[in-house]
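Asker: So that we are looking at the same thing, I have put the structure below in structure tokens.
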Protein chains: 2
Amino acid sequence: MRTALFAAAILLVPALVRADDKDVIEYREHVMKELNEQSAALGQILSTVIPGDNTVAHLDALALAARAATKAFDAKVPGGEAKPEVWTNYADFMKRMNDFAAKTAKMADTAHKQGADAALNDVVDALSCKSCHDVYRAEKK
Amino acid sequence: MRTALFAAAILLVPALVRADDKDVIEYREHVMKELNEQSAALGQILSTVIPGDNTVAHLDALALAARAATKAFDAKVPGGEAKPEVWTNYADFMKRMNDFAAKTAKMADTAHKQGADAALNDVVDALSCKSCHDVYRAEKK
């Protein structure tokens, strides 16, 4: 009986690990999509097709999402749109993510202290999404 | 010549208005998608499949997005997934949006003062997405 339970437990473990991994991937995809929507909204404001009333709120939310995104890759779970290079070049990947989080945090801080326009001077440098995605993301269409 | 220019200007106006409307709809869709991703991430945390390390950041970002969403409907532009009822029952719609923004702001405040767990007691009441979507949203699949 005990042996049967032990065997059952062994069988269950990989299933549970797979479920957790799926959740981790799903979570980081939610966070990356937040970043995408925030960046798109800011892009509309920058191109002046939308008034900038909410700019500071978007910069704050972007900084929060960037920090969450960085933490979301702490659990080193391959899969989703993350290329294998994320894990083989993990130090470089995390350096880029931490730079991104630091730069978006600085923009939010500048927005509060000097206003949205001053903060947006740094937006192109801070939102280096493409250069990182080119190396580390395999987009699923 | 002046008449021709005037005629051309008249012809251009509706095209420009349509372009603006499209931008307004696109912007509020970005903001509603932010809300969706934030809610989904919080849902994963609430169901304990994801650790709660980022809970306060998600609650802050949710409150910011809720405020931006409320403002995004100030420009009364029909279209997108907004049902006609948004504009015919605008006072009720905006009351619900303002309640939503106030409740998510209160959750963020509670999270900072009393911790994430205390804030999450109010999450079901604050995130009344479905009751509002049932009345005011025509989801495009």
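Each chain in the structure tokens gets a letter, A, B and so on, in the order shown; residues start at 1 in every chain, and ligands are counted from 1 in the order they appear.
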Taking only residues of chain A that have an atom at most 10 Å from an atom of chain B, what is each one's shortest atom pair and its distance in Å to one decimal, using only C-alpha atoms, in chain and number order, as a tab-separated table?
Answerer:
residue	atom	partner	partner_atom	distance
A:Ala19	CA	B:Val49	CA	8.9
A:Asp20	CA	B:Val49	CA	6.8
A:Asp21	CA	B:Val49	CA	9.7
A:Lys22	CA	B:Val49	CA	9.7
A:Asp23	CA	B:Val49	CA	6.4
A:Val24	CA	B:Ile50	CA	6.8
A:Glu26	CA	B:Ala41	CA	8.6
A:Tyr27	CA	B:Ala41	CA	5.9
A:Arg28	CA	B:Ala41	CA	8.5
A:Glu29	CA	B:Glu37	CA	8.8
A:His30	CA	B:Glu37	CA	5.1
A:Val31	CA	B:Glu37	CA	6.9
A:Met32	CA	B:Glu37	CA	9.0
A:Lys33	CA	B:Glu37	CA	6.8
A:Glu34	CA	B:Glu34	CA	5.2
A:Leu35	CA	B:Glu34	CA	8.3
A:Asn36	CA	B:Glu34	CA	8.7
A:Glu37	CA	B:His30	CA	5.1
A:Gln38	CA	B:Glu34	CA	7.0
A:Ser39	CA	B:His30	CA	9.2
A:Ala40	CA	B:His30	CA	7.0
A:Ala41	CA	B:Tyr27	CA	5.9
A:Leu42	CA	B:Tyr27	CA	9.2
A:Gly43	CA	B:Tyr27	CA	9.8
A:Gln44	CA	B:Tyr27	CA	7.2
A:Ile45	CA	B:Tyr27	CA	9.0
A:Val49	CA	B:Asp23	CA	6.4
A:Ile50	CA	B:Val24	CA	6.8
A:Pro51	CA	B:Val24	CA	9.6
A:Asp53	CA	B:Lys71	CA	8.6
A:Asn54	CA	B:Ala68	CA	6.1
A:Thr55	CA	B:Ala68	CA	9.3
A:Val56	CA	B:Leu64	CA	9.4
A:Ala57	CA	B:Leu64	CA	5.7
A:His58	CA	B:Leu64	CA	7.4
A:Leu59	CA	B:Leu64	CA	9.8
A:Asp60	CA	B:Ala61	CA	7.5
A:Ala61	CA	B:Ala61	CA	4.8
A:Leu62	CA	B:Ala61	CA	8.1
A:Ala63	CA	B:Ala61	CA	9.1
A:Leu64	CA	B:Ala57	CA	5.7
A:Ala65	CA	B:Ala61	CA	7.5
A:Arg67	CA	B:Ala57	CA	8.4
A:Ala68	CA	B:Asn54	CA	6.1
A:Ala69	CA	B:Asn54	CA	9.6
A:Lys71	CA	B:Asn54	CA	8.1
A:Ala72	CA	B:Asn54	CA	9.0
Asker: I'd like the neighbourhood of segment 82-99 of chain B as an mmCIF file with C-alpha atoms, in the first residue's frame, where a residue qualifies if any of its atoms comes within 7 Å (using only C-alpha atoms), though same-chain residues fewer than 2 positions away should be ignored.
Answerer:
data_model
loop_
_atom_site.group_PDB
_atom_site.id
_atom_site.type_symbol
_atom_site.label_atom_id
_atom_site.label_comp_id
_atom_site.auth_asym_id
_atom_site.auth_seq_id
_atom_site.Cartn_x
_atom_site.Cartn_y
_atom_site.Cartn_z
ATOM 1 C CA THR B 70 -12.499 56.438 -16.552
ATOM 2 C CA PRO B 78 -19.096 55.561 -29.982
ATOM 3 C CA GLY B 79 -17.516 52.422 -31.402
ATOM 4 C CA GLY B 80 -15.147 49.641 -30.504
ATOM 5 C CA ALA B 101 -11.610 53.832 -9.886
ATOM 6 C CA ALA B 102 -12.369 54.790 -6.261
ATOM 7 C CA LYS B 103 -12.443 51.175 -5.043
ATOM 8 C CA TYR B 136 -22.025 47.993 -21.557
ATOM 9 C CA ARG B 137 -19.621 45.846 -23.564
ATOM 10 C CA ALA B 138 -20.164 43.987 -26.832
#
Asker: Among segment 1-136 of chain B, which residues does DSSP mark as helix (DSSP H, G or I) when it is run on the backbone? Keep the chain and numbering as in the structure and answer as a PyMOL selection string.
Answerer: chain B and resi 2-46+52-72+85-88+90-114+116-120+123-126+129-136
Asker: Using only C-alpha atoms for the distances, tell me which of B:Ser47, B:Ala75, B:Ile25, B:Met107 is nearest to Asn121 of chain B.
Answerer: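 Using only C-alpha atoms, the shortest distance to Asn121 of chain B belongs to B:Met107.
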Asker: Give me, please, the distance in Å between atom CA of Thr48 of chain A and atom CA of Asp122 of chain A, quoted to one decimal.
Answerer: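 Between atom CA of Thr48 of chain A and atom CA of Asp122 of chain A the gap is 16.8 Å.
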Asker: Calculate how many Å separate atom CA of Asp125 of chain A from atom CA of Thr110 of chain A, rounding to one decimal.
Answerer: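 One can read the atom CA of Asp125 of chain A to atom CA of Thr110 of chain A distance as 14.3 Å.
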